[in-house]
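Single-structure report; data block below.
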Amino acid sequence: QVQLVESGGGLVQPGGSLTLSCTASGFTLDHYVIGWFRQAPGLEREGVSCIDNTDSSPYYADSVKGRYTISRDNTKSTVYLQIHSLEPEDTAVYYCAAGEPITDVQPMCVMILGAYDYWGQGTQVTVSS
């Protein structure tokens, strides 16, 4: 059974840090690119970062560049998203997703929901004092 499970969310004060984890089971993680998306209340789900499956090249949305770091450990079937200098605007449910590599872009991932085949259930991140 293909499954992605996010963890690591919680309540954090502004300026704090979090590391989200996305653990895969039921498929070979290193065959897939992984994307992280977030959805705040009343807003559409948006992509924040993705990571290539070959050389782990990352992509970051402009809104998170410099504060978010994505990485992967295929031996643990896990992808991580470190978030630093958290802001209230980062409050959202964070989802990870797995998709086929897009070979005509570099890194071989895109922040388009339809490009991903498997989704986790999400983990809540709340930034508040």
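In the structure tokens, each chain is lettered A, B, ... as it comes, each chain's residues begin at 1, and ligands are numbered from 1 in order of appearance.
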
- Message: Which residues are close to stretch 52-65 of chain A, i.e. within 12 Å by only C-alpha atoms, leaving aside same-chain residues fewer than 5 positions away? Reply as a PyMOL selection string.
- Response: chain A and resi 28-38+46-47+70-74+77-87+89-90+98-103+105-112

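When only C-alpha atoms are used to compute distances to A:Gln13, the closest of the residues A:Ser25, A:Thr69, A:Ser129, A:Gln39 turns out to be A:Ser129.
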
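When atom CA of A:Val48 is paired with atom CA of A:Thr126, their separation reads 16.2 Å.
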